[in-house]
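To be precise, the following lines are data11.cif, and they hold mmCIF, C-alpha atoms.
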```cif
data_run
loop_
_atom_site.group_PDB
_atom_site.id
_atom_site.type_symbol
_atom_site.label_atom_id
_atom_site.label_comp_id
_atom_site.auth_asym_id
_atom_site.auth_seq_id
_atom_site.Cartn_x
_atom_site.Cartn_y
_atom_site.Cartn_z
ATOM 1 C CA MET A 1 259.027 160.964 122.311
ATOM 2 C CA SER A 2 261.663 161.559 124.977
ATOM 3 C CA ALA A 3 265.114 162.895 124.255
ATOM 4 C CA ALA A 4 266.547 159.494 125.141
ATOM 5 C CA GLU A 5 264.348 157.793 122.571
ATOM 6 C CA SER A 6 265.180 160.195 119.786
ATOM 7 C CA ARG A 7 268.912 159.779 120.493
ATOM 8 C CA SER A 8 268.865 156.063 119.878
ATOM 9 C CA LEU A 9 266.354 156.108 117.087
ATOM 10 C CA PRO A 10 268.454 156.497 113.965
ATOM 11 C CA SER A 11 265.689 155.118 111.827
ATOM 12 C CA THR A 12 263.806 157.570 109.684
ATOM 13 C CA ILE A 13 260.766 155.338 109.881
ATOM 14 C CA VAL A 14 257.876 157.282 111.361
ATOM 15 C CA ARG A 15 255.696 154.706 113.118
ATOM 16 C CA PRO A 16 254.571 152.612 110.174
ATOM 17 C CA ASP A 17 252.354 149.695 111.042
ATOM 18 C CA GLU A 18 253.884 146.828 112.896
ATOM 19 C CA GLY A 19 253.660 144.388 109.992
ATOM 20 C CA ALA A 20 255.830 146.600 107.806
ATOM 21 C CA LEU A 21 258.412 146.944 110.571
ATOM 22 C CA VAL A 22 258.531 143.205 111.133
ATOM 23 C CA ASN A 23 258.911 142.557 107.409
ATOM 24 C CA SER A 24 261.746 145.059 107.162
ATOM 25 C CA ALA A 25 263.430 143.545 110.217
ATOM 26 C CA LYS A 26 263.093 140.081 108.673
ATOM 27 C CA ALA A 27 264.857 141.405 105.584
ATOM 28 C CA GLY A 28 267.747 142.512 107.804
ATOM 29 C CA ASP A 29 266.790 146.141 108.455
ATOM 30 C CA LEU A 30 268.153 146.656 111.941
ATOM 31 C CA ALA A 31 266.720 150.146 112.206
ATOM 32 C CA ALA A 32 263.264 148.651 111.808
ATOM 33 C CA PHE A 33 264.027 146.114 114.509
ATOM 34 C CA GLU A 34 265.321 148.831 116.792
ATOM 35 C CA GLU A 35 262.027 150.647 116.391
ATOM 36 C CA LEU A 36 260.231 147.487 117.558
ATOM 37 C CA VAL A 37 262.589 147.369 120.546
ATOM 38 C CA ASN A 38 261.796 151.004 121.339
ATOM 39 C CA ARG A 39 258.109 150.260 121.296
ATOM 40 C CA TYR A 40 258.155 147.237 123.549
ATOM 41 C CA GLU A 41 261.222 147.478 125.791
ATOM 42 C CA GLY A 42 259.235 149.045 128.652
ATOM 43 C CA ARG A 43 256.590 146.336 128.642
ATOM 44 C CA VAL A 44 259.080 143.507 128.264
ATOM 45 C CA PHE A 45 261.220 144.851 131.108
ATOM 46 C CA ARG A 46 258.175 145.199 133.362
ATOM 47 C CA LEU A 47 257.181 141.625 132.543
ATOM 48 C CA THR A 48 260.631 140.201 133.270
ATOM 49 C CA MET A 49 260.913 142.316 136.447
ATOM 50 C CA ASN A 50 257.538 141.061 137.631
ATOM 51 C CA ILE A 51 258.590 137.458 137.147
ATOM 52 C CA THR A 52 262.182 137.569 138.373
ATOM 53 C CA GLN A 53 261.940 140.414 140.930
ATOM 54 C CA ASN A 54 265.617 140.965 140.237
ATOM 55 C CA ARG A 55 266.849 143.902 138.205
ATOM 56 C CA GLU A 56 269.917 142.190 136.789
ATOM 57 C CA ASP A 57 267.982 139.090 135.751
ATOM 58 C CA ALA A 58 265.225 141.217 134.239
ATOM 59 C CA GLN A 59 267.789 143.215 132.291
ATOM 60 C CA ASP A 60 269.458 140.059 130.944
ATOM 61 C CA ALA A 61 266.127 138.408 130.149
ATOM 62 C CA THR A 62 264.921 141.506 128.282
ATOM 63 C CA GLN A 63 268.129 141.708 126.308
ATOM 64 C CA ASP A 64 268.149 138.023 125.387
ATOM 65 C CA ALA A 65 264.456 138.089 124.491
ATOM 66 C CA PHE A 66 265.120 140.820 121.924
ATOM 67 C CA LEU A 67 268.274 139.143 120.630
ATOM 68 C CA LYS A 68 266.505 135.797 120.214
ATOM 69 C CA SER A 69 263.452 137.363 118.650
ATOM 70 C CA TYR A 70 265.677 138.985 116.026
ATOM 71 C CA GLN A 71 267.628 135.814 115.390
ATOM 72 C CA HIS A 72 264.428 133.766 115.023
ATOM 73 C CA LEU A 73 262.262 136.308 113.250
ATOM 74 C CA ASP A 74 261.868 133.923 110.324
ATOM 75 C CA ARG A 75 259.816 131.692 112.661
ATOM 76 C CA PHE A 76 257.336 134.485 113.293
ATOM 77 C CA LYS A 77 254.538 133.820 110.854
ATOM 78 C CA GLY A 78 252.540 136.966 111.454
ATOM 79 C CA ASP A 79 249.417 135.144 112.595
ATOM 80 C CA SER A 80 249.537 137.021 115.903
ATOM 81 C CA ARG A 81 250.860 140.398 116.978
ATOM 82 C CA PHE A 82 254.631 140.655 117.163
ATOM 83 C CA TYR A 83 254.353 141.589 120.847
ATOM 84 C CA THR A 84 252.350 138.436 121.600
ATOM 85 C CA TRP A 85 255.120 136.356 120.051
ATOM 86 C CA LEU A 86 257.854 138.337 121.806
ATOM 87 C CA VAL A 87 256.173 137.898 125.199
ATOM 88 C CA ARG A 88 256.505 134.131 125.035
ATOM 89 C CA ILE A 89 260.225 134.393 124.393
ATOM 90 C CA ALA A 90 260.585 136.904 127.235
ATOM 91 C CA VAL A 91 258.589 134.726 129.647
ATOM 92 C CA ASN A 92 260.876 131.778 128.958
ATOM 93 C CA GLU A 93 263.985 133.901 129.425
ATOM 94 C CA ALA A 94 262.651 135.257 132.727
ATOM 95 C CA LEU A 95 261.561 131.841 134.009
ATOM 96 C CA MET A 96 264.926 130.335 133.163
ATOM 97 C CA ARG A 97 266.666 132.948 135.302
ATOM 98 C CA LEU A 98 264.169 132.660 138.132
ATOM 99 C CA ARG A 99 264.613 128.884 138.288
ATOM 100 C CA LYS A 100 268.362 129.214 138.180
ATOM 101 C CA ARG A 101 268.475 131.697 141.028
ATOM 102 C CA ARG A 102 265.813 130.085 143.198
ATOM 103 C CA PRO A 103 265.560 126.444 142.122
ATOM 104 C CA ASN A 104 263.627 125.368 145.211
ATOM 105 C CA VAL A 105 261.166 128.197 145.247
ATOM 106 C CA VAL A 106 259.661 127.657 141.838
ATOM 107 C CA SER A 107 258.186 124.373 142.794
ATOM 108 C CA LEU A 108 255.497 123.693 140.268
ATOM 109 C CA ASP A 109 253.611 121.042 142.154
ATOM 110 C CA GLU A 110 253.076 122.561 145.563
ATOM 111 C CA PRO A 111 250.253 120.947 147.504
ATOM 112 C CA VAL A 112 246.963 122.758 147.080
ATOM 113 C CA ALA A 113 245.877 124.287 150.356
ATOM 114 C CA THR A 114 242.345 123.946 151.635
ATOM 115 C CA ASP A 115 239.644 126.500 150.903
ATOM 116 C CA GLU A 116 239.839 127.902 154.414
ATOM 117 C CA ASP A 117 242.764 130.208 153.819
ATOM 118 C CA LEU A 118 241.144 131.650 150.704
ATOM 119 C CA ILE A 119 238.394 133.520 152.524
ATOM 120 C CA PRO A 120 239.480 137.166 152.719
ATOM 121 C CA HIS A 121 239.382 138.658 156.190
ATOM 122 C CA ASP A 122 239.905 142.277 155.352
ATOM 123 C CA VAL A 123 236.875 143.363 153.340
ATOM 124 C CA GLN A 124 236.495 147.059 152.613
ATOM 125 C CA ASP A 125 235.012 149.281 149.944
ATOM 126 C CA TRP A 126 237.537 150.838 147.551
ATOM 127 C CA GLY A 127 235.162 153.301 145.939
ATOM 128 C CA PRO A 128 234.676 153.642 142.172
ATOM 129 C CA THR A 129 238.120 154.786 140.980
ATOM 130 C CA PRO A 130 240.767 153.981 143.587
ATOM 131 C CA GLU A 131 243.577 154.143 141.008
ATOM 132 C CA GLN A 132 243.028 157.855 140.428
ATOM 133 C CA ARG A 133 244.336 158.660 143.889
ATOM 134 C CA TYR A 134 247.917 157.990 142.841
ATOM 135 C CA ALA A 135 250.281 159.401 140.233
ATOM 136 C CA ARG A 136 251.735 156.941 137.708
ATOM 137 C CA THR A 137 255.150 156.504 139.342
ATOM 138 C CA GLU A 138 253.648 156.054 142.784
ATOM 139 C CA MET A 139 251.076 153.660 141.394
ATOM 140 C CA ASN A 140 253.766 151.582 139.702
ATOM 141 C CA SER A 141 255.699 151.365 142.915
ATOM 142 C CA ILE A 142 252.574 150.213 144.824
ATOM 143 C CA LEU A 143 251.778 147.597 142.172
ATOM 144 C CA ASN A 144 255.369 146.331 141.980
ATOM 145 C CA GLY A 145 255.625 146.148 145.751
ATOM 146 C CA ALA A 146 252.428 144.116 146.007
ATOM 147 C CA ILE A 147 253.392 141.690 143.261
ATOM 148 C CA GLY A 148 256.876 141.286 144.720
ATOM 149 C CA LYS A 149 255.380 139.939 147.947
ATOM 150 C CA LEU A 150 253.784 137.007 146.127
ATOM 151 C CA GLU A 151 255.490 133.651 145.781
ATOM 152 C CA PRO A 152 257.018 133.264 142.278
ATOM 153 C CA ILE A 153 254.487 130.740 141.066
ATOM 154 C CA PHE A 154 251.565 132.978 142.044
ATOM 155 C CA ARG A 155 252.939 136.183 140.614
ATOM 156 C CA THR A 156 254.031 134.459 137.396
ATOM 157 C CA VAL A 157 250.585 132.995 136.781
ATOM 158 C CA PHE A 158 248.979 136.366 137.533
ATOM 159 C CA VAL A 159 251.310 138.251 135.193
ATOM 160 C CA LEU A 160 250.806 135.798 132.346
ATOM 161 C CA ARG A 161 247.039 135.498 132.676
ATOM 162 C CA ASP A 162 245.869 138.886 133.845
ATOM 163 C CA VAL A 163 248.527 141.337 132.702
ATOM 164 C CA GLU A 164 249.664 139.706 129.456
ATOM 165 C CA GLN A 165 246.276 138.079 128.775
ATOM 166 C CA ILE A 166 247.770 134.723 127.820
ATOM 167 C CA SER A 167 245.157 131.927 127.811
ATOM 168 C CA THR A 168 244.886 129.447 130.677
ATOM 169 C CA GLU A 169 245.953 126.611 128.389
ATOM 170 C CA GLU A 170 249.002 128.401 127.088
ATOM 171 C CA THR A 171 249.998 129.567 130.565
ATOM 172 C CA ALA A 172 249.840 125.934 131.683
ATOM 173 C CA GLU A 173 252.075 124.978 128.778
ATOM 174 C CA LEU A 174 254.593 127.773 129.397
ATOM 175 C CA LEU A 175 254.870 126.914 133.097
ATOM 176 C CA ASP A 176 254.621 123.176 132.592
ATOM 177 C CA ILE A 177 251.764 122.821 135.071
ATOM 178 C CA SER A 178 248.177 121.587 134.656
ATOM 179 C CA VAL A 179 245.212 123.763 133.699
ATOM 180 C CA PRO A 180 243.546 123.267 137.129
ATOM 181 C CA ALA A 181 246.842 124.300 138.774
ATOM 182 C CA VAL A 182 246.872 127.520 136.715
ATOM 183 C CA LYS A 183 243.286 128.261 137.766
ATOM 184 C CA SER A 184 243.868 127.573 141.438
ATOM 185 C CA ARG A 185 247.062 129.650 141.526
ATOM 186 C CA LEU A 186 245.458 132.484 139.621
ATOM 187 C CA LEU A 187 242.613 132.666 142.142
ATOM 188 C CA ARG A 188 245.058 132.706 145.035
ATOM 189 C CA ALA A 189 247.228 135.322 143.329
ATOM 190 C CA ARG A 190 244.236 137.579 142.672
ATOM 191 C CA LEU A 191 243.037 137.311 146.264
ATOM 192 C CA LYS A 192 246.491 137.867 147.694
ATOM 193 C CA LEU A 193 247.051 140.932 145.522
ATOM 194 C CA ARG A 194 243.639 142.290 146.457
ATOM 195 C CA GLU A 195 244.657 141.951 150.084
ATOM 196 C CA GLN A 196 248.028 143.652 149.457
ATOM 197 C CA LEU A 197 246.369 146.579 147.685
ATOM 198 C CA ASN A 198 243.631 146.990 150.264
ATOM 199 C CA PRO A 199 245.511 149.442 152.520
ATOM 200 C CA TYR A 200 246.184 151.744 149.538
ATOM 201 C CA PHE A 201 242.815 151.670 147.846
ATOM 202 C CA ARG A 202 240.195 151.355 150.575
ATOM 203 C CA ARG A 203 238.004 154.432 150.941
ATOM 204 C CA SER A 204 239.508 155.312 154.298
ATOM 205 C CA ALA A 205 243.124 155.062 153.035
ATOM 206 C CA ASN A 206 245.312 158.065 153.799
ATOM 207 C CA THR A 207 246.744 159.202 150.496
ATOM 208 C CA MET B 1 225.389 129.162 147.631
ATOM 209 C CA ASN B 2 227.569 130.218 150.576
ATOM 210 C CA CYS B 3 230.524 132.632 150.801
ATOM 211 C CA ARG B 4 233.069 129.855 150.419
ATOM 212 C CA SER B 5 231.515 128.729 147.128
ATOM 213 C CA VAL B 6 231.515 132.315 145.874
ATOM 214 C CA ILE B 7 235.257 132.530 146.483
ATOM 215 C CA ARG B 8 235.791 129.198 144.765
ATOM 216 C CA GLU B 9 233.879 130.393 141.694
ATOM 217 C CA LEU B 10 235.270 133.935 141.793
ATOM 218 C CA SER B 11 237.712 133.611 138.883
ATOM 219 C CA SER B 12 235.177 131.924 136.627
ATOM 220 C CA TYR B 13 232.614 134.569 137.548
ATOM 221 C CA LEU B 14 234.984 137.441 136.732
ATOM 222 C CA GLU B 15 235.893 135.803 133.439
ATOM 223 C CA GLY B 16 232.212 135.324 132.530
ATOM 224 C CA ASP B 17 232.774 131.616 132.465
ATOM 225 C CA LEU B 18 230.069 130.261 134.792
ATOM 226 C CA GLU B 19 227.211 127.989 133.888
ATOM 227 C CA VAL B 20 223.850 129.770 133.874
ATOM 228 C CA THR B 21 222.487 128.012 136.958
ATOM 229 C CA VAL B 22 225.648 128.567 139.028
ATOM 230 C CA LEU B 23 225.770 132.175 137.845
ATOM 231 C CA ALA B 24 222.182 132.756 138.980
ATOM 232 C CA GLU B 25 222.876 131.242 142.402
ATOM 233 C CA LEU B 26 226.012 133.312 142.813
ATOM 234 C CA GLU B 27 224.260 136.527 141.862
ATOM 235 C CA ILE B 28 221.437 135.834 144.304
ATOM 236 C CA HIS B 29 224.063 135.402 147.027
ATOM 237 C CA LEU B 30 225.686 138.698 146.027
ATOM 238 C CA THR B 31 222.411 140.601 146.424
ATOM 239 C CA ARG B 32 222.274 139.377 150.020
ATOM 240 C CA CYS B 33 225.943 139.424 151.094
ATOM 241 C CA GLU B 34 227.771 142.729 151.185
ATOM 242 C CA ASP B 35 231.138 141.158 152.038
ATOM 243 C CA CYS B 36 231.058 138.953 148.943
ATOM 244 C CA ARG B 37 229.956 141.911 146.824
ATOM 245 C CA LEU B 38 232.949 143.884 148.029
ATOM 246 C CA ILE B 39 235.322 140.972 147.488
ATOM 247 C CA VAL B 40 234.080 140.535 143.918
ATOM 248 C CA ASP B 41 234.303 144.271 143.263
ATOM 249 C CA THR B 42 237.785 144.793 144.737
ATOM 250 C CA THR B 43 239.193 141.662 143.066
ATOM 251 C CA ARG B 44 237.840 142.858 139.725
ATOM 252 C CA LYS B 45 239.445 146.252 140.346
ATOM 253 C CA THR B 46 242.746 144.617 141.290
ATOM 254 C CA ILE B 47 242.882 142.927 137.890
ATOM 255 C CA GLU B 48 241.808 146.080 136.050
ATOM 256 C CA ILE B 49 244.372 148.229 137.825
ATOM 257 C CA TYR B 50 247.200 145.871 136.845
ATOM 258 C CA CYS B 51 245.925 145.589 133.278
ATOM 259 C CA GLN B 52 245.643 149.317 132.811
ATOM 260 C CA ALA B 53 248.907 150.336 134.471
ATOM 261 C CA GLU B 54 251.213 151.880 131.898
ATOM 262 C CA PRO B 55 254.802 150.691 132.241
ATOM 263 C CA VAL B 56 257.135 153.452 133.334
ATOM 264 C CA PRO B 57 259.864 154.212 130.794
ATOM 265 C CA LEU B 58 262.840 151.894 130.944
ATOM 266 C CA PRO B 59 265.484 153.164 133.419
ATOM 267 C CA GLU B 60 268.068 155.041 131.371
ATOM 268 C CA ASP B 61 270.997 152.798 132.341
ATOM 269 C CA VAL B 62 269.023 149.675 131.416
ATOM 270 C CA ARG B 63 268.001 151.263 128.144
ATOM 271 C CA ILE B 64 271.530 152.280 127.190
ATOM 272 C CA ARG B 65 272.897 148.831 128.003
ATOM 273 C CA LEU B 66 270.138 147.115 126.055
ATOM 274 C CA HIS B 67 270.665 149.188 122.920
ATOM 275 C CA GLU B 68 274.449 148.956 123.103
ATOM 276 C CA THR B 69 274.255 145.189 123.409
ATOM 277 C CA LEU B 70 271.815 144.875 120.525
ATOM 278 C CA VAL B 71 274.033 147.034 118.361
ATOM 279 C CA ARG B 72 277.122 145.011 119.298
ATOM 280 C CA ARG B 73 275.546 141.576 119.000
ATOM 281 C CA LEU B 74 273.548 142.244 115.887
ATOM 282 C CA GLY B 75 276.509 143.740 114.127
ATOM 283 C CA ARG B 76 275.463 147.266 113.515
ATOM 284 C CA LYS B 77 277.416 150.435 114.030
ATOM 285 C CA PRO B 78 275.947 152.910 116.534
ATOM 286 C CA ALA B 79 274.169 155.893 115.104
ATOM 287 C CA PRO B 80 276.318 159.026 114.913
#
```
If you convert what's in this file into structure tokens, what do you get?
Amino acid sequence: MSAAESRSLPSTIVRPDEGALVNSAKAGDLAAFEELVNRYEGRVFRLTMNITQNREDAQDATQDAFLKSYQHLDRFKGDSRFYTWLVRIAVNEALMRLRKRRPNVVSLDEPVATDEDLIPHDVQDWGPTPEQRYARTEMNSILNGAIGKLEPIFRTVFVLRDVEQISTEETAELLDISVPAVKSRLLRARLKLREQLNPYFRRSANT
Amino acid sequence: MNCRSVIRELSSYLEGDLEVTVLAELEIHLTRCEDCRLIVDTTRKTIEIYCQAEPVPLPEDVRIRLHETLVRRLGRKPAP
């Protein structure tokens, strides 16, 4: 635990299971809720940053996601992990800010391009463990940079499906687009990201 | 199956969601086409790398603001 974490962790709770923390938070124990915040703030901020690509929006979305989750904890029935429930709130907060800032960019019914532009042109071997060539901070900056170059609708679908592991059906519901649209955008997002990462991870990359 | 069809089925293939006959055709193509093999492999790695990346700790200023706001809005006094 970092010094920063211990400073703002007044709770004497020593990592009990999540269910106990959620139950305590539901009963009004703010220290228990703060422990949940400590556990998930990094992941929620990364998620909201990935979607909004704007630090201020991500900060506000993270904050409001935690506030709303606390205020509506009674609606959390415990049939999924707390984080899974929290993610949906955070996604909505992030999307709301993205749409507000760039109303024309988050067009949800863009025409589907032909197959032609899907065929990758730059095909190279990455070797077995390309990720081990970079330290964590450098890796994060590479991954953030690549995702930031994607159009919002592509990066959002990728983050929901592949990073947060939300089902195709639920992603469609959250984004208010069809299931085929989720699938087609996910494929494009994956291929585009692969292309963006190629210069860093190909065998011949200078690291 | 040609390269274009492999790309079209790529997501379903990576998710293990292809019908047996399509899967067999795709895998036969992969044994013969190095480019498609590399595309499949590097796309799979792209997903894995994003999935496995640990988030860096929250920037300190963001963290302080978040906790101060929660404390203020949820009506609790800051810890001494």
Given the file shown, determine the residues that the PyMOL selection byres ((chain A) within 6 of (chain B)) selects; report them as a PyMOL selection string. chain A and resi 10+42-43+63+163+187+194
Since I can't run it myself right now, could you work out what the PyMOL selection byres ((chain A and resi 173-184) around 9) selects here and report it as a CSV table (one decimal) with C-alpha atoms, keeping the file's coordinate frame?
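What landed in part.csv:
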```csv
chain,number,residue,atom,x,y,z
A,88,ARG,CA,256.5,134.1,125.0
A,91,VAL,CA,258.6,134.7,129.6
A,92,ASN,CA,260.9,131.8,129.0
A,95,LEU,CA,261.6,131.8,134.0
A,108,LEU,CA,255.5,123.7,140.3
A,109,ASP,CA,253.6,121.0,142.2
A,112,VAL,CA,247.0,122.8,147.1
A,153,ILE,CA,254.5,130.7,141.1
A,154,PHE,CA,251.6,133.0,142.0
A,156,THR,CA,254.0,134.5,137.4
A,157,VAL,CA,250.6,133.0,136.8
A,161,ARG,CA,247.0,135.5,132.7
A,168,THR,CA,244.9,129.4,130.7
A,169,GLU,CA,246.0,126.6,128.4
A,170,GLU,CA,249.0,128.4,127.1
A,171,THR,CA,250.0,129.6,130.6
A,172,ALA,CA,249.8,125.9,131.7
A,185,ARG,CA,247.1,129.6,141.5
A,186,LEU,CA,245.5,132.5,139.6
A,187,LEU,CA,242.6,132.7,142.1
A,188,ARG,CA,245.1,132.7,145.0
A,189,ALA,CA,247.2,135.3,143.3
B,8,ARG,CA,235.8,129.2,144.8
B,11,SER,CA,237.7,133.6,138.9
B,12,SER,CA,235.2,131.9,136.6
```
Quick one: residues within 6 Å of segment 125-138 of chain A, all atoms listed in the file, excluding same-chain residues fewer than 4 positions away - as a PDB file with C-alpha atoms, keeping the file's coordinate frame?
```
ATOM      1  CA  PHE A 201     242.815 151.670 147.846  1.00  0.00           C
ATOM      2  CA  ARG A 202     240.195 151.355 150.575  1.00  0.00           C
ATOM      3  CA  ARG A 203     238.004 154.432 150.941  1.00  0.00           C
TER       4      ARG A 203
END
```
Go through the shown structure with the PyMOL selection byres ((chain B and resi 24-27) around 9) and write out the matching residues as an mmCIF file with C-alpha atoms, in the frame of the given file.
```cif
data_model
loop_
_atom_site.group_PDB
_atom_site.id
_atom_site.type_symbol
_atom_site.label_atom_id
_atom_site.label_comp_id
_atom_site.auth_asym_id
_atom_site.auth_seq_id
_atom_site.Cartn_x
_atom_site.Cartn_y
_atom_site.Cartn_z
ATOM 1 C CA MET B 1 225.389 129.162 147.631
ATOM 2 C CA ASN B 2 227.569 130.218 150.576
ATOM 3 C CA SER B 5 231.515 128.729 147.128
ATOM 4 C CA VAL B 6 231.515 132.315 145.874
ATOM 5 C CA GLU B 9 233.879 130.393 141.694
ATOM 6 C CA TYR B 13 232.614 134.569 137.548
ATOM 7 C CA GLU B 19 227.211 127.989 133.888
ATOM 8 C CA VAL B 20 223.850 129.770 133.874
ATOM 9 C CA THR B 21 222.487 128.012 136.958
ATOM 10 C CA VAL B 22 225.648 128.567 139.028
ATOM 11 C CA LEU B 23 225.770 132.175 137.845
ATOM 12 C CA ILE B 28 221.437 135.834 144.304
ATOM 13 C CA HIS B 29 224.063 135.402 147.027
ATOM 14 C CA LEU B 30 225.686 138.698 146.027
ATOM 15 C CA THR B 31 222.411 140.601 146.424
ATOM 16 C CA ARG B 32 222.274 139.377 150.020
#
```
Long-range neighbours of Ala58 of chain A as a PyMOL selection string, 12 Å cut-off, all atoms listed in the file, 2 positions minimum in chain: (chain A and resi 41-56+60-65+90-98) or (chain B and resi 58-59+62+66)
Using Å and a single decimal, report how far atom CA of Asp17 of chain B sits from atom CA of Leu150 of chain A.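 So the answer is 25.6 Å.
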Would you place a box with edges along x, y and z of the file around all atoms of segment 8-24 of chain B listed there, add 6 Å to each of its six sides, and report the centre and edge lengths in Å to one decimal, as AutoDock Vina command-line options?
```
--center_x 229.9 --center_y 132.7 --center_z 138.6 --size_x 27.5 --size_y 21.5 --size_z 24.3
```
